[in-house]
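Enquirer: The file below is entry.txt, compact mmCIF, C-alpha atoms and all ligand atoms:
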```txt
# COMPACT_ATOMS: atom_id res chain seq x y z
CA MET G 884 -21.87 8.11 -5.23
CA ASP G 885 -24.65 6.30 -3.47
CA LYS G 886 -23.59 6.03 0.17
CA GLU G 887 -25.11 2.55 0.32
CA ILE G 888 -22.64 1.18 -2.25
CA ILE G 889 -19.74 2.59 -0.22
CA ASN G 890 -21.16 1.08 2.98
CA ASN G 891 -21.58 -2.27 1.23
CA ALA G 892 -18.02 -2.08 -0.09
CA VAL G 893 -16.74 -1.39 3.44
CA ALA G 894 -18.68 -4.42 4.74
CA PHE G 895 -17.37 -6.52 1.82
CA VAL G 896 -13.70 -5.72 2.55
CA ARG G 897 -14.18 -6.23 6.28
CA ASN G 898 -15.42 -9.72 5.56
CA THR G 899 -12.75 -10.43 2.91
CA PHE G 900 -9.86 -9.50 5.20
CA LYS G 901 -11.18 -10.91 8.46
CA ASP G 902 -8.39 -13.50 8.77
CA ASP G 903 -5.46 -11.43 7.45
CA HIS G 904 -2.87 -10.21 9.94
CA SER G 905 0.01 -9.66 7.55
CA GLY G 906 -0.47 -5.93 6.94
CA HIS G 907 -3.07 -6.16 4.17
CA ASP G 908 -5.88 -6.03 6.62
CA TYR G 909 -9.28 -4.34 6.67
CA PHE G 910 -7.94 -1.30 8.51
CA HIS G 911 -5.24 -0.81 5.86
CA THR G 912 -7.97 -0.64 3.22
CA LEU G 913 -10.02 1.71 5.38
CA ARG G 914 -7.03 4.05 5.82
CA VAL G 915 -6.35 4.00 2.08
CA TYR G 916 -10.02 4.81 1.46
CA LYS G 917 -9.92 7.80 3.83
CA MET G 918 -6.55 9.09 2.61
CA SER G 919 -7.43 8.71 -1.07
CA THR G 920 -10.66 10.64 -0.43
CA ARG G 921 -8.65 13.42 1.22
CA ILE G 922 -6.19 13.54 -1.72
CA ALA G 923 -8.98 13.32 -4.32
CA GLU G 924 -10.81 16.29 -2.79
CA GLN G 925 -7.63 18.40 -2.98
CA GLU G 926 -6.82 17.25 -6.51
CA ASN G 927 -10.39 17.53 -7.86
CA ALA G 928 -10.51 13.89 -8.90
CA ASN G 929 -13.66 11.81 -9.43
CA LEU G 930 -14.57 10.77 -5.89
CA ALA G 931 -16.74 7.76 -6.75
CA VAL G 932 -14.02 6.15 -8.87
CA VAL G 933 -11.32 6.87 -6.27
CA GLN G 934 -13.38 5.57 -3.34
CA LEU G 935 -14.46 2.33 -5.01
CA ALA G 936 -10.96 1.64 -6.37
CA ALA G 937 -9.46 2.32 -2.93
CA LEU G 938 -11.92 0.04 -1.15
CA LEU G 939 -11.42 -2.78 -3.67
CA HIS G 940 -7.68 -2.34 -4.36
CA ASP G 941 -6.52 -5.35 -2.33
CA VAL G 942 -9.44 -7.81 -2.55
CA ASP G 943 -7.81 -9.60 -5.52
CA ASP G 944 -4.26 -9.24 -4.21
CA ILE G 945 -2.00 -11.99 -5.52
CA LYS G 946 -1.03 -13.11 -2.00
CA LEU G 947 -4.61 -13.15 -0.70
CA SER G 948 -6.51 -14.44 -3.73
CA PRO G 949 -4.15 -15.78 -6.43
CA GLU G 950 -6.99 -17.39 -8.40
CA THR G 951 -8.85 -14.09 -8.95
CA HIS G 952 -5.77 -11.84 -9.20
CA ALA G 953 -5.56 -11.70 -13.00
CA ASN G 954 -9.25 -11.11 -13.78
CA LYS G 955 -10.05 -9.06 -10.63
CA GLY G 956 -12.85 -11.55 -9.99
CA ARG G 957 -13.89 -10.31 -6.56
CA ALA G 958 -13.87 -6.60 -7.45
CA ASN G 959 -15.75 -7.29 -10.70
CA ALA G 960 -18.39 -9.38 -8.97
CA PHE G 961 -18.96 -6.70 -6.33
CA LEU G 962 -19.26 -3.87 -8.88
CA ARG G 963 -21.59 -5.85 -11.21
CA LYS G 964 -23.84 -6.73 -8.30
CA HIS G 965 -24.19 -3.02 -7.59
CA ASN G 966 -25.02 -2.11 -11.20
CA ILE G 967 -21.92 -0.03 -11.81
CA SER G 968 -21.52 0.68 -15.55
CA GLU G 969 -19.09 -1.41 -17.62
CA THR G 970 -17.04 1.71 -18.41
CA MET G 971 -16.65 2.57 -14.75
CA ILE G 972 -15.82 -1.04 -13.83
CA LYS G 973 -13.05 -0.97 -16.45
CA THR G 974 -11.69 2.32 -15.10
CA ILE G 975 -11.68 0.99 -11.54
CA CYS G 976 -10.02 -2.32 -12.49
CA ASN G 977 -7.32 -0.46 -14.46
CA ILE G 978 -6.56 1.61 -11.38
CA ILE G 979 -6.32 -1.52 -9.23
CA ASP G 980 -3.86 -3.02 -11.75
CA GLU G 981 -1.66 0.08 -11.63
CA VAL G 982 -1.61 0.63 -7.90
CA SER G 983 0.66 -2.03 -6.42
CA TYR G 984 4.34 -1.46 -5.64
CA LYS G 985 6.52 -3.74 -7.81
CA GLY G 986 10.03 -2.39 -7.37
CA THR G 987 11.40 -1.10 -10.69
CA ASP G 988 8.37 -2.68 -12.43
CA SER G 989 6.03 -0.20 -10.68
CA ILE G 990 4.02 2.09 -12.93
CA THR G 991 2.69 5.62 -12.59
CA PRO G 992 -1.09 5.61 -13.05
CA LYS G 993 -2.43 7.25 -16.21
CA THR G 994 -5.34 9.00 -14.49
CA ILE G 995 -5.51 11.44 -11.57
CA GLU G 996 -7.91 8.98 -9.86
CA GLY G 997 -5.28 6.23 -10.10
CA MET G 998 -2.64 8.60 -8.74
CA CYS G 999 -4.83 9.40 -5.71
CA VAL G 1000 -5.27 5.69 -4.86
CA GLN G 1001 -1.63 4.74 -5.47
CA ASP G 1002 -0.35 7.69 -3.41
CA ALA G 1003 -2.74 6.81 -0.55
CA ASP G 1004 -1.67 3.14 -0.62
CA ARG G 1005 2.00 4.19 -0.52
CA LEU G 1006 1.44 6.72 2.25
CA ASP G 1007 0.14 3.83 4.35
CA ALA G 1008 3.52 2.11 3.97
CA ILE G 1009 5.43 5.04 5.53
CA GLY G 1010 5.38 6.99 8.81
CA ALA G 1011 4.44 5.45 12.15
CA ILE G 1012 1.94 3.07 10.54
CA GLY G 1013 4.49 2.13 7.89
CA ILE G 1014 7.05 1.22 10.57
CA ALA G 1015 4.49 -0.94 12.36
CA ARG G 1016 3.40 -2.63 9.12
CA ALA G 1017 6.98 -3.36 8.08
CA PHE G 1018 7.77 -5.13 11.36
CA ALA G 1019 4.41 -6.93 11.36
CA TYR G 1020 5.12 -8.13 7.80
CA GLY G 1021 8.67 -9.15 8.72
CA GLY G 1022 7.43 -11.12 11.72
CA SER G 1023 4.73 -12.90 9.76
CA HIS G 1024 7.28 -13.85 7.04
CA ASN G 1025 9.93 -15.04 9.49
CA ARG G 1026 12.33 -12.27 8.60
CA ILE G 1027 14.86 -11.03 11.09
CA MET G 1028 14.66 -7.37 12.13
CA HIS G 1029 18.25 -6.48 11.35
CA ASP G 1030 21.63 -7.95 10.49
CA PRO G 1031 24.45 -5.47 9.76
CA GLU G 1032 26.12 -8.09 7.51
CA ILE G 1033 23.15 -8.27 5.13
CA LYS G 1034 23.18 -5.17 2.91
CA PRO G 1035 20.16 -3.63 1.16
CA THR G 1036 19.67 -4.50 -2.54
CA GLU G 1037 19.23 -1.60 -4.98
CA ASN G 1038 16.78 -1.41 -7.89
CA MET G 1039 14.90 -4.68 -7.57
CA ASN G 1040 12.27 -5.72 -10.13
CA GLU G 1041 8.93 -7.21 -9.04
CA ASP G 1042 10.18 -10.78 -8.70
CA GLU G 1043 13.28 -9.77 -6.73
CA TYR G 1044 11.23 -7.40 -4.55
CA ARG G 1045 8.79 -10.17 -3.62
CA ASN G 1046 11.25 -13.05 -3.21
CA HIS G 1047 14.69 -11.90 -2.12
CA ILE G 1048 15.89 -12.72 1.37
CA SER G 1049 16.49 -9.60 3.42
CA THR G 1050 15.81 -7.94 6.77
CA THR G 1051 13.07 -5.57 7.86
CA VAL G 1052 15.54 -2.71 8.43
CA ASN G 1053 16.75 -3.21 4.84
CA HIS G 1054 13.15 -2.85 3.64
CA PHE G 1055 13.34 0.83 4.69
CA TYR G 1056 16.25 1.40 2.29
CA GLU G 1057 14.92 -0.90 -0.41
CA LYS G 1058 11.42 0.59 -0.54
CA LEU G 1059 10.15 2.88 2.20
CA PHE G 1060 12.71 5.72 1.85
CA ARG G 1061 12.07 5.73 -1.91
CA LEU G 1062 8.34 6.29 -1.75
CA ARG G 1063 8.36 10.05 -1.10
CA ASP G 1064 9.93 10.76 -4.49
CA LEU G 1065 7.50 8.38 -6.18
CA MET G 1066 4.36 10.22 -5.03
CA SER G 1067 2.42 11.66 -7.98
CA THR G 1068 0.20 14.29 -6.32
CA ALA G 1069 1.36 17.45 -4.56
CA THR G 1070 -0.98 16.67 -1.64
CA ALA G 1071 0.65 13.27 -1.01
CA LYS G 1072 4.21 14.58 -1.47
CA LYS G 1073 3.64 17.00 1.36
CA ILE G 1074 2.27 14.34 3.72
CA ALA G 1075 5.10 11.99 2.70
CA GLU G 1076 7.78 14.51 3.72
CA GLN G 1077 6.72 14.52 7.35
CA ARG G 1078 6.24 10.74 7.44
CA GLU G 1079 9.66 10.13 5.92
CA GLN G 1080 11.35 12.36 8.49
CA TYR G 1081 9.68 10.40 11.26
CA MET G 1082 10.90 7.07 9.81
CA LYS G 1083 14.45 8.39 9.34
CA HIS G 1084 14.49 9.47 12.96
CA PHE G 1085 13.24 6.03 14.00
CA ILE G 1086 15.90 4.16 11.98
CA SER G 1087 18.66 6.41 13.27
CA GLU G 1088 17.58 5.74 16.89
CA PHE G 1089 17.24 2.03 16.12
CA LEU G 1090 20.79 1.81 14.74
CA ASP G 1091 22.23 3.85 17.63
CA GLU G 1092 20.56 1.54 20.14
CA TRP G 1093 21.82 -1.46 18.14
CA ASP G 1094 25.38 -0.20 18.52
CA GLY G 1095 24.84 0.75 22.17
CA ILE G 1096 25.49 4.41 21.39
CA GLN G 1097 22.10 5.64 22.52
P1 LIG A 1101 1.27 -3.20 -1.67
O1 LIG A 1101 0.37 -2.57 -0.63
O2 LIG A 1101 1.77 -2.20 -2.66
O3 LIG A 1101 0.71 -4.45 -2.30
P2 LIG A 1101 3.17 -4.94 -0.33
O4 LIG A 1101 2.27 -6.10 -0.40
O5 LIG A 1101 4.48 -5.03 -1.02
O6 LIG A 1101 2.55 -3.60 -0.86
O7 LIG A 1101 3.40 -4.57 1.17
C1 LIG A 1101 2.42 -4.56 2.19
C2 LIG A 1101 3.04 -3.98 3.47
O8 LIG A 1101 4.08 -4.83 3.94
C3 LIG A 1101 3.70 -2.60 3.24
O9 LIG A 1101 3.57 -1.81 4.40
C4 LIG A 1101 5.13 -2.97 2.97
O10 LIG A 1101 6.04 -1.92 3.19
C5 LIG A 1101 5.33 -4.16 3.91
N1 LIG A 1101 6.35 -5.04 3.34
C6 LIG A 1101 6.37 -5.60 2.11
N2 LIG A 1101 7.50 -6.33 1.91
C7 LIG A 1101 8.18 -6.23 3.08
C8 LIG A 1101 9.43 -6.75 3.54
N3 LIG A 1101 10.18 -7.49 2.76
N4 LIG A 1101 9.82 -6.46 4.81
C9 LIG A 1101 9.06 -5.68 5.60
N5 LIG A 1101 7.89 -5.16 5.23
C10 LIG A 1101 7.44 -5.42 3.99
NI NI A 1102 -2.76 -1.76 -0.22
```
Rewrite the structure from the file as structure tokens, please.
Expert:
Amino acid sequence: MDKEIINNAVAFVRNTFKDDHSGHDYFHTLRVYKMSTRIAEQENANLAVVQLAALLHDVDDIKLSPETHANKGRANAFLRKHNISETMIKTICNIIDEVSYKGTDSITPKTIEGMCVQDADRLDAIGAIGIARAFAYGGSHNRIMHDPEIKPTENMNEDEYRNHISTTVNHFYEKLFRLRDLMSTATAKKIAEQREQYMKHFISEFLDEWDGIQ
């Protein structure tokens, strides 16, 4: 893929996310771009499709841009402007539709390229970065860190996942500890194992400190 298109896409997302501090920021997209490239190289996926889908995966996010969410207006406009073929635009937009985590409404992508992007996006929700993003998200949505009286909710659909009232510690049980098993590629599963262990260690320390044991 023409390096210039990638550079322009990087500049486009930097500008799109310049005011977002809720976890869907420019650096999240950049990490997903790098990680999906790493996975795609291991899995022999089409790099151009993976890289463009990764860079554009959040520009029409429902929270950031509700008016262009359904038709992927921003991603489409960017790709058209750079003379990407209609077939490739369709492939990329399908991947973007498949990628997001929606509780029990989540889907497994149909293509290896989609799997690479979804796995990379999910890897960014776990490990040290995942912990930081969860607490940043909780803070920006006025959620409390922890309340032993509020129990995690199992098996939420998209609406419940987005709207239920819970704590940030519960988010680990409701989503983050589930992601390892939901990885599609062998490359991502391996990375997820180490990141999950790190998060489990963190939560165990957190709860021990909460109880004054540690
Ligand atoms: P996606 O990247 O699939 O669109 P989300 O928008 O659901 O994911 O989440 C963005 C980031 O915020 C992720 O790191 C996610 O784990 C975190 N997050 C989402 N919902 C919560 C929540 N209720 N509490 C804490 N962190 C959350
Ligand atoms: Ni994302």
Enquirer: For Ala937 (chain G), work out the shell of residues within 12 Å, counting only C-alpha atoms and skipping chain neighbours fewer than 2 positions away, then give it as a ChimeraX atom specification.
Expert: /G:889,892-893,896,909,911-923,930-935,939-942,958,975-976,978-983,996-1005
Enquirer: Rank G:Glu926, G:Asp902, G:Asn959, G:Met1028 by their smallest atom-to-atom distance to Leu947 (chain G), using all atoms listed in the file, and report the top residue only.
Expert: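 That would be G:Asp902, the residue with the smallest distance to Leu947 (chain G).
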Enquirer: When you count only C-alpha atoms and all ligand atoms, which of these residues is closest to ligand NI 1102 (chain A): G:His907, G:Arg1045, G:Lys973, G:Lys901?
Expert: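 That would be G:His907, the residue with the smallest distance to ligand NI 1102 (chain A).
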Enquirer: Return as a PDB file with C-alpha atoms, keeping the file's coordinate frame the residues of protein, DNA or RNA that approach ligand LIG 1101 (chain A) to within 9 Å, with only C-alpha atoms and all ligand atoms taken into account.
Expert:
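Produced file out_11.pdb, reproduced below:
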```
ATOM      1  CA  SER G 905       0.010  -9.660   7.550  1.00  0.00           C
ATOM      2  CA  GLY G 906      -0.470  -5.930   6.940  1.00  0.00           C
ATOM      3  CA  HIS G 907      -3.070  -6.160   4.170  1.00  0.00           C
ATOM      4  CA  HIS G 911      -5.240  -0.810   5.860  1.00  0.00           C
ATOM      5  CA  HIS G 940      -7.680  -2.340  -4.360  1.00  0.00           C
ATOM      6  CA  ASP G 941      -6.520  -5.350  -2.330  1.00  0.00           C
ATOM      7  CA  ASP G 944      -4.260  -9.240  -4.210  1.00  0.00           C
ATOM      8  CA  ILE G 945      -2.000 -11.990  -5.520  1.00  0.00           C
ATOM      9  CA  LYS G 946      -1.030 -13.110  -2.000  1.00  0.00           C
ATOM     10  CA  VAL G 982      -1.610   0.630  -7.900  1.00  0.00           C
ATOM     11  CA  SER G 983       0.660  -2.030  -6.420  1.00  0.00           C
ATOM     12  CA  TYR G 984       4.340  -1.460  -5.640  1.00  0.00           C
ATOM     13  CA  LYS G 985       6.520  -3.740  -7.810  1.00  0.00           C
ATOM     14  CA  GLY G 986      10.030  -2.390  -7.370  1.00  0.00           C
ATOM     15  CA  GLN G1001      -1.630   4.740  -5.470  1.00  0.00           C
ATOM     16  CA  ASP G1004      -1.670   3.140  -0.620  1.00  0.00           C
ATOM     17  CA  ARG G1005       2.000   4.190  -0.520  1.00  0.00           C
ATOM     18  CA  ASP G1007       0.140   3.830   4.350  1.00  0.00           C
ATOM     19  CA  ALA G1008       3.520   2.110   3.970  1.00  0.00           C
ATOM     20  CA  ILE G1009       5.430   5.040   5.530  1.00  0.00           C
ATOM     21  CA  ILE G1012       1.940   3.070  10.540  1.00  0.00           C
ATOM     22  CA  GLY G1013       4.490   2.130   7.890  1.00  0.00           C
ATOM     23  CA  ILE G1014       7.050   1.220  10.570  1.00  0.00           C
ATOM     24  CA  ALA G1015       4.490  -0.940  12.360  1.00  0.00           C
ATOM     25  CA  ARG G1016       3.400  -2.630   9.120  1.00  0.00           C
ATOM     26  CA  ALA G1017       6.980  -3.360   8.080  1.00  0.00           C
ATOM     27  CA  PHE G1018       7.770  -5.130  11.360  1.00  0.00           C
ATOM     28  CA  ALA G1019       4.410  -6.930  11.360  1.00  0.00           C
ATOM     29  CA  TYR G1020       5.120  -8.130   7.800  1.00  0.00           C
ATOM     30  CA  GLY G1021       8.670  -9.150   8.720  1.00  0.00           C
ATOM     31  CA  GLY G1022       7.430 -11.120  11.720  1.00  0.00           C
ATOM     32  CA  HIS G1024       7.280 -13.850   7.040  1.00  0.00           C
ATOM     33  CA  ARG G1026      12.330 -12.270   8.600  1.00  0.00           C
ATOM     34  CA  MET G1028      14.660  -7.370  12.130  1.00  0.00           C
ATOM     35  CA  TYR G1044      11.230  -7.400  -4.550  1.00  0.00           C
ATOM     36  CA  ARG G1045       8.790 -10.170  -3.620  1.00  0.00           C
ATOM     37  CA  ASN G1046      11.250 -13.050  -3.210  1.00  0.00           C
ATOM     38  CA  HIS G1047      14.690 -11.900  -2.120  1.00  0.00           C
ATOM     39  CA  ILE G1048      15.890 -12.720   1.370  1.00  0.00           C
ATOM     40  CA  SER G1049      16.490  -9.600   3.420  1.00  0.00           C
ATOM     41  CA  THR G1050      15.810  -7.940   6.770  1.00  0.00           C
ATOM     42  CA  THR G1051      13.070  -5.570   7.860  1.00  0.00           C
ATOM     43  CA  VAL G1052      15.540  -2.710   8.430  1.00  0.00           C
ATOM     44  CA  ASN G1053      16.750  -3.210   4.840  1.00  0.00           C
ATOM     45  CA  HIS G1054      13.150  -2.850   3.640  1.00  0.00           C
ATOM     46  CA  PHE G1055      13.340   0.830   4.690  1.00  0.00           C
ATOM     47  CA  GLU G1057      14.920  -0.900  -0.410  1.00  0.00           C
ATOM     48  CA  LYS G1058      11.420   0.590  -0.540  1.00  0.00           C
ATOM     49  CA  LEU G1059      10.150   2.880   2.200  1.00  0.00           C
TER      50      LEU G1059
END
```
Enquirer: Rank G:Ala1011, G:Gln1080, G:Tyr1056, G:Leu1006 by their smallest atom-to-atom distance to ligand NI 1102 (chain A), using all atoms listed in the file, and report the top residue only.
Expert: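 Looking at the shortest contact to ligand NI 1102 (chain A), the residue is G:Leu1006.
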Enquirer: In Å, with one decimal, what is the gap from CA of Arg897 (chain G) to CA of Gly956 (chain G)?
Expert: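 Taking CA of Arg897 (chain G) as the start and CA of Gly956 (chain G) as the end point, the length is 17.2 Å.
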Enquirer: Determine the nearest neighbour of ligand NI 1102 (chain A) from the options G:Lys993, G:Thr951, G:Phe900, G:Phe1089, counting only C-alpha atoms and all ligand atoms.
Expert: G:Phe900
Enquirer: Could you tell me how far CA of Lys1034 (chain G) lies from CA of Phe1060 (chain G), in Å and to one decimal?
Expert: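 Pair CA of Lys1034 (chain G) / CA of Phe1060 (chain G) returns 15.1 Å.
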Enquirer: Would you compute the distance between CA of Glu950 (chain G) and CA of Asp988 (chain G)? Give it in Å to one decimal.
Expert: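 Between these atoms lies a distance of 21.6 Å.
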